[in-house]
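For reference, the structure discussed in these notes is given below.
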Amino acid sequence: MAAFMELIGAGLIEKDTNGDVIWAWSYPSVTAEQREFLLLKSGLGSENAIPVNYLYCQWRQVWYYILRTDVSGGSESGHLSKVTDIALVLISRDFNPEKYETLCLIFLRQYKQTGNPTSMLEGYLSVVTRGTCANGENGKFSSGDYDKKQAYSKVCLKDIIQTFGVETILLYTAMLLKKRVLVYCPPHSLGQLLEYTRSLPALVWHRQNWSMVYPYVHLSEPEAEDLVSVSHFVAGVTEAAAEGRLDLYDLFVNTPNSQISVAPHAKESFAMGRLHKDIATAMVQLAEEEDSTDQDIIKTVASKTRELLNNLKSLATTGENGQLSLSLETLRARKMPPATENFLFSLAACEGFVQL
């Protein structure tokens, strides 16, 4: 079996009976900056408890998976008798929340039994080198059981469409045109935030790109800088003040109010035409069907996208290097409505059909 090289680190954060939070262990190493970032994400040092035990986030092209547990009064190890909460962190290069949640559970069970962080090291090294680990009653893990497409297809698109109705077309347009999307949920709805942010890239299934997702962002300087450094993203925030950060987004999704707002500087990109209306109607009708599934929606939207791209390809010319090229003049000759023309040309640019 191929080596499981995506896993690049692990760490333990503990909170004791005095309320002190410490970085208890890491392997092979975690920088001081990463520690500060993970202490914030774990929520162990916060007065307000995080409403989910398992969360994941991306920062500087690295994924962090965090599983928290309460151990007060329930630990089998005397070493943990003064510990009230633990957060286990796995650091990886790839997006697969379900895979790393399973691995977190196995390692955390083992640690709670022994109270010795190095007891996890054997399993960690086994996963890194062989892609598997077996830990008796603590569970068994094989990376081969977790396909990336399974992680990509674990979405809540039906719920999103039912929530935003025909305005979902703004989300679809943002994904197609590689725009910057901020999704806001209040802190008590962090679980929903994680689900929504991981779902939106499925609207452009043909790209298979989840590296653009930043599921849980604090708008502190280091994380805001990370967003500014990338051209497009879907980022989740729990700070309502984020709506005022017009420099950070093109589209703002306010989930409590079921509203989607377009930033003033991006309004031209989101001008809607008949083409948008037809796609929006198809999505809403499918979501309203009682027996429709998220996978049905992925397939339908992917089919609509494929049709769009095939139409663009039919208008493009093929250069000597075999690369497709589509000019704005070619689209104008079709005498399309301005909104449709602008949308299609922007889409062609995003798909690499326009030579700049």
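Residue numbering restarts at 1 for every chain of the structure tokens, chains are lettered A, B, ... in their displayed order, and ligands are numbered from 1 as they appear.
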Tell me, as number ranges by chain, which residues lie within 9 Å of Ala266 in chain A, counting only C-alpha atoms; anything in the same chain fewer than 6 positions away does not count. A: 179, 249-251
Could you name the residues that touch Leu121 in chain A at 10 Å or less, counting only C-alpha atoms, but leaving out those on the same chain fewer than 4 positions away, as a list of chain:residue names? A:Ala10, A:Ser26, A:Tyr27, A:Pro28, A:Phe107, A:Asn116, A:Pro117, A:Leu125, A:Ser126, A:Val127
Interatomic distance (Å, one decimal) between CA of Phe353 in chain A and CA of Ser325 in chain A: 4.7 Å
In Å, rounded to a single decimal, give me how far CA of Gly236 in chain A is from CA of Tyr184 in chain A.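 Interatomic distance here is 6.0 Å.
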Residues near Asp247 in chain A, anyone? I mean within 12 Å using only C-alpha atoms, not counting same-chain ones fewer than 6 positions away, as a count of residues only. 11
Write out as JSON lines the residues of range 164-185 of chain A that have any atom within 10 Å of an atom of range 191-202 of chain A, one row each with the nearest atom pair and its distance in Å to one decimal, counting only C-alpha atoms, sorted by chain and then rising number.
{"residue": "A:Leu171", "atom": "CA", "partner": "A:Leu200", "partner_atom": "CA", "distance": 7.5}
{"residue": "A:Tyr172", "atom": "CA", "partner": "A:Leu200", "partner_atom": "CA", "distance": 8.0}
{"residue": "A:Ala174", "atom": "CA", "partner": "A:Leu200", "partner_atom": "CA", "distance": 9.6}
{"residue": "A:Met175", "atom": "CA", "partner": "A:Pro201", "partner_atom": "CA", "distance": 6.7}
{"residue": "A:Leu176", "atom": "CA", "partner": "A:Pro201", "partner_atom": "CA", "distance": 9.3}
{"residue": "A:Val181", "atom": "CA", "partner": "A:Thr197", "partner_atom": "CA", "distance": 9.3}
{"residue": "A:Leu182", "atom": "CA", "partner": "A:Thr197", "partner_atom": "CA", "distance": 8.9}
{"residue": "A:Val183", "atom": "CA", "partner": "A:Thr197", "partner_atom": "CA", "distance": 7.1}
{"residue": "A:Tyr184", "atom": "CA", "partner": "A:Leu193", "partner_atom": "CA", "distance": 7.2}
{"residue": "A:Cys185", "atom": "CA", "partner": "A:Leu193", "partner_atom": "CA", "distance": 5.8}
Written selection (N, CA, C and O atoms) as a PDB file, in the first residue's frame:
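Wrote result32.pdb, looks like this:
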ATOM      1  N   LEU A 171     -24.561  31.833  -5.753  1.00  0.00           N
ATOM      2  CA  LEU A 171     -23.506  30.941  -5.271  1.00  0.00           C
ATOM      3  C   LEU A 171     -22.902  30.162  -6.435  1.00  0.00           C
ATOM      4  O   LEU A 171     -21.680  29.995  -6.517  1.00  0.00           O
ATOM      5  N   TYR A 172     -23.756  29.670  -7.321  1.00  0.00           N
ATOM      6  CA  TYR A 172     -23.289  28.925  -8.491  1.00  0.00           C
ATOM      7  C   TYR A 172     -22.399  29.812  -9.367  1.00  0.00           C
ATOM      8  O   TYR A 172     -21.314  29.407  -9.809  1.00  0.00           O
ATOM      9  N   ALA A 174     -20.750  32.479  -8.429  1.00  0.00           N
ATOM     10  CA  ALA A 174     -19.504  32.769  -7.715  1.00  0.00           C
ATOM     11  C   ALA A 174     -18.511  31.627  -7.845  1.00  0.00           C
ATOM     12  O   ALA A 174     -17.305  31.848  -8.019  1.00  0.00           O
ATOM     13  N   MET A 175     -19.007  30.395  -7.762  1.00  0.00           N
ATOM     14  CA  MET A 175     -18.123  29.242  -7.892  1.00  0.00           C
ATOM     15  C   MET A 175     -17.561  29.143  -9.308  1.00  0.00           C
ATOM     16  O   MET A 175     -16.365  28.914  -9.504  1.00  0.00           O
ATOM     17  N   LEU A 176     -18.422  29.319 -10.297  1.00  0.00           N
ATOM     18  CA  LEU A 176     -17.971  29.220 -11.685  1.00  0.00           C
ATOM     19  C   LEU A 176     -16.936  30.290 -12.017  1.00  0.00           C
ATOM     20  O   LEU A 176     -15.946  30.027 -12.714  1.00  0.00           O
ATOM     21  N   VAL A 181     -16.011  34.151  -1.580  1.00  0.00           N
ATOM     22  CA  VAL A 181     -17.288  33.992  -0.883  1.00  0.00           C
ATOM     23  C   VAL A 181     -17.053  33.857   0.618  1.00  0.00           C
ATOM     24  O   VAL A 181     -16.289  32.993   1.058  1.00  0.00           O
ATOM     25  N   LEU A 182     -17.706  34.713   1.399  1.00  0.00           N
ATOM     26  CA  LEU A 182     -17.693  34.602   2.851  1.00  0.00           C
ATOM     27  C   LEU A 182     -19.053  34.092   3.310  1.00  0.00           C
ATOM     28  O   LEU A 182     -20.090  34.660   2.938  1.00  0.00           O
ATOM     29  N   VAL A 183     -19.053  33.033   4.089  1.00  0.00           N
ATOM     30  CA  VAL A 183     -20.278  32.474   4.647  1.00  0.00           C
ATOM     31  C   VAL A 183     -20.286  32.753   6.147  1.00  0.00           C
ATOM     32  O   VAL A 183     -19.345  32.376   6.852  1.00  0.00           O
ATOM     33  N   TYR A 184     -21.358  33.408   6.605  1.00  0.00           N
ATOM     34  CA  TYR A 184     -21.463  33.727   8.028  1.00  0.00           C
ATOM     35  C   TYR A 184     -22.518  32.873   8.716  1.00  0.00           C
ATOM     36  O   TYR A 184     -23.648  32.745   8.242  1.00  0.00           O
ATOM     37  N   CYS A 185     -22.128  32.273   9.837  1.00  0.00           N
ATOM     38  CA  CYS A 185     -23.036  31.614  10.767  1.00  0.00           C
ATOM     39  C   CYS A 185     -22.680  32.102  12.166  1.00  0.00           C
ATOM     40  O   CYS A 185     -21.493  32.307  12.453  1.00  0.00           O
TER      41      CYS A 185
END
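Remark: for Pro51 in chain A, the closest of the candidate residues A:Thr238, A:Thr340, A:Thr281, A:Ser220 is A:Thr238 (distances computed over only C-alpha atoms).
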Where does DSSP see helix (DSSP H, G or I) in range 178-255 of chain A, if you list the residues as a ChimeraX atom specification? /A:187-207,221-228,240-244
Figure out the distance between CA of Tyr214 in chain A and CA of Leu190 in chain A, please, to one decimal in Å. 13.0 Å
Can you pull out the residues contacting range 153-160 of chain A? Cut-off 9 Å, using only C-alpha atoms, and skip same-chain residues under 5 positions away; I want them as a short mmCIF file (atom, residue, chain, number, x, y, z; two decimals) with N, CA and C atoms, in the first residue's frame.
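For reference, result.cif as written:
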data_model
loop_
_atom_site.label_atom_id
_atom_site.label_comp_id
_atom_site.auth_asym_id
_atom_site.auth_seq_id
_atom_site.Cartn_x
_atom_site.Cartn_y
_atom_site.Cartn_z
N LYS A 148 -11.38 10.28 -1.84
CA LYS A 148 -11.54 11.74 -1.86
C LYS A 148 -12.90 12.15 -2.40
N GLY A 165 -33.30 29.54 -2.07
CA GLY A 165 -34.16 29.58 -3.24
C GLY A 165 -33.42 29.95 -4.51
N THR A 168 -29.71 31.02 -4.93
CA THR A 168 -28.61 30.06 -5.00
C THR A 168 -27.81 30.25 -6.27
N GLU A 195 -20.56 22.55 7.31
CA GLU A 195 -21.29 21.84 6.26
C GLU A 195 -21.47 22.71 5.02
N TYR A 196 -21.85 23.96 5.23
CA TYR A 196 -22.10 24.85 4.10
C TYR A 196 -20.84 25.12 3.29
N ARG A 198 -18.05 23.40 3.02
CA ARG A 198 -17.52 22.25 2.29
C ARG A 198 -18.43 21.86 1.12
N SER A 199 -19.66 22.32 1.12
CA SER A 199 -20.63 21.93 0.09
C SER A 199 -20.51 22.75 -1.19
N LEU A 200 -20.16 24.03 -1.07
CA LEU A 200 -20.23 24.92 -2.23
C LEU A 200 -19.34 24.52 -3.41
N ALA A 202 -18.91 21.77 -4.62
CA ALA A 202 -19.59 20.72 -5.38
C ALA A 202 -20.46 21.31 -6.49
N LEU A 203 -20.73 22.62 -6.43
CA LEU A 203 -21.47 23.28 -7.52
C LEU A 203 -20.62 23.36 -8.79
N MET A 283 -32.55 24.15 -10.40
CA MET A 283 -32.03 23.77 -9.09
C MET A 283 -33.13 23.78 -8.03
N VAL A 284 -33.95 24.82 -8.04
CA VAL A 284 -35.01 24.94 -7.03
C VAL A 284 -36.05 23.82 -7.21
N LEU A 286 -35.64 20.85 -8.47
CA LEU A 286 -35.07 19.57 -8.04
C LEU A 286 -35.00 19.49 -6.52
N ALA A 287 -34.61 20.58 -5.87
CA ALA A 287 -34.51 20.59 -4.41
C ALA A 287 -35.88 20.43 -3.76
N GLU A 288 -36.93 20.85 -4.44
CA GLU A 288 -38.28 20.74 -3.88
C GLU A 288 -38.84 19.33 -3.99
N SER A 292 -35.52 13.71 -3.95
CA SER A 292 -34.24 14.09 -4.54
C SER A 292 -33.16 14.10 -3.46
N THR A 293 -31.93 13.84 -3.88
CA THR A 293 -30.80 13.78 -2.94
C THR A 293 -29.75 14.83 -3.32
N ASP A 294 -28.81 15.01 -2.42
CA ASP A 294 -27.71 15.93 -2.72
C ASP A 294 -26.92 15.46 -3.93
N GLN A 295 -26.78 14.14 -4.07
CA GLN A 295 -26.05 13.59 -5.22
C GLN A 295 -26.81 13.85 -6.52
N ILE A 297 -28.56 16.49 -7.07
CA ILE A 297 -28.31 17.91 -7.35
C ILE A 297 -26.92 18.09 -7.94
N ILE A 298 -25.93 17.40 -7.38
CA ILE A 298 -24.57 17.47 -7.93
C ILE A 298 -24.58 17.08 -9.41
#
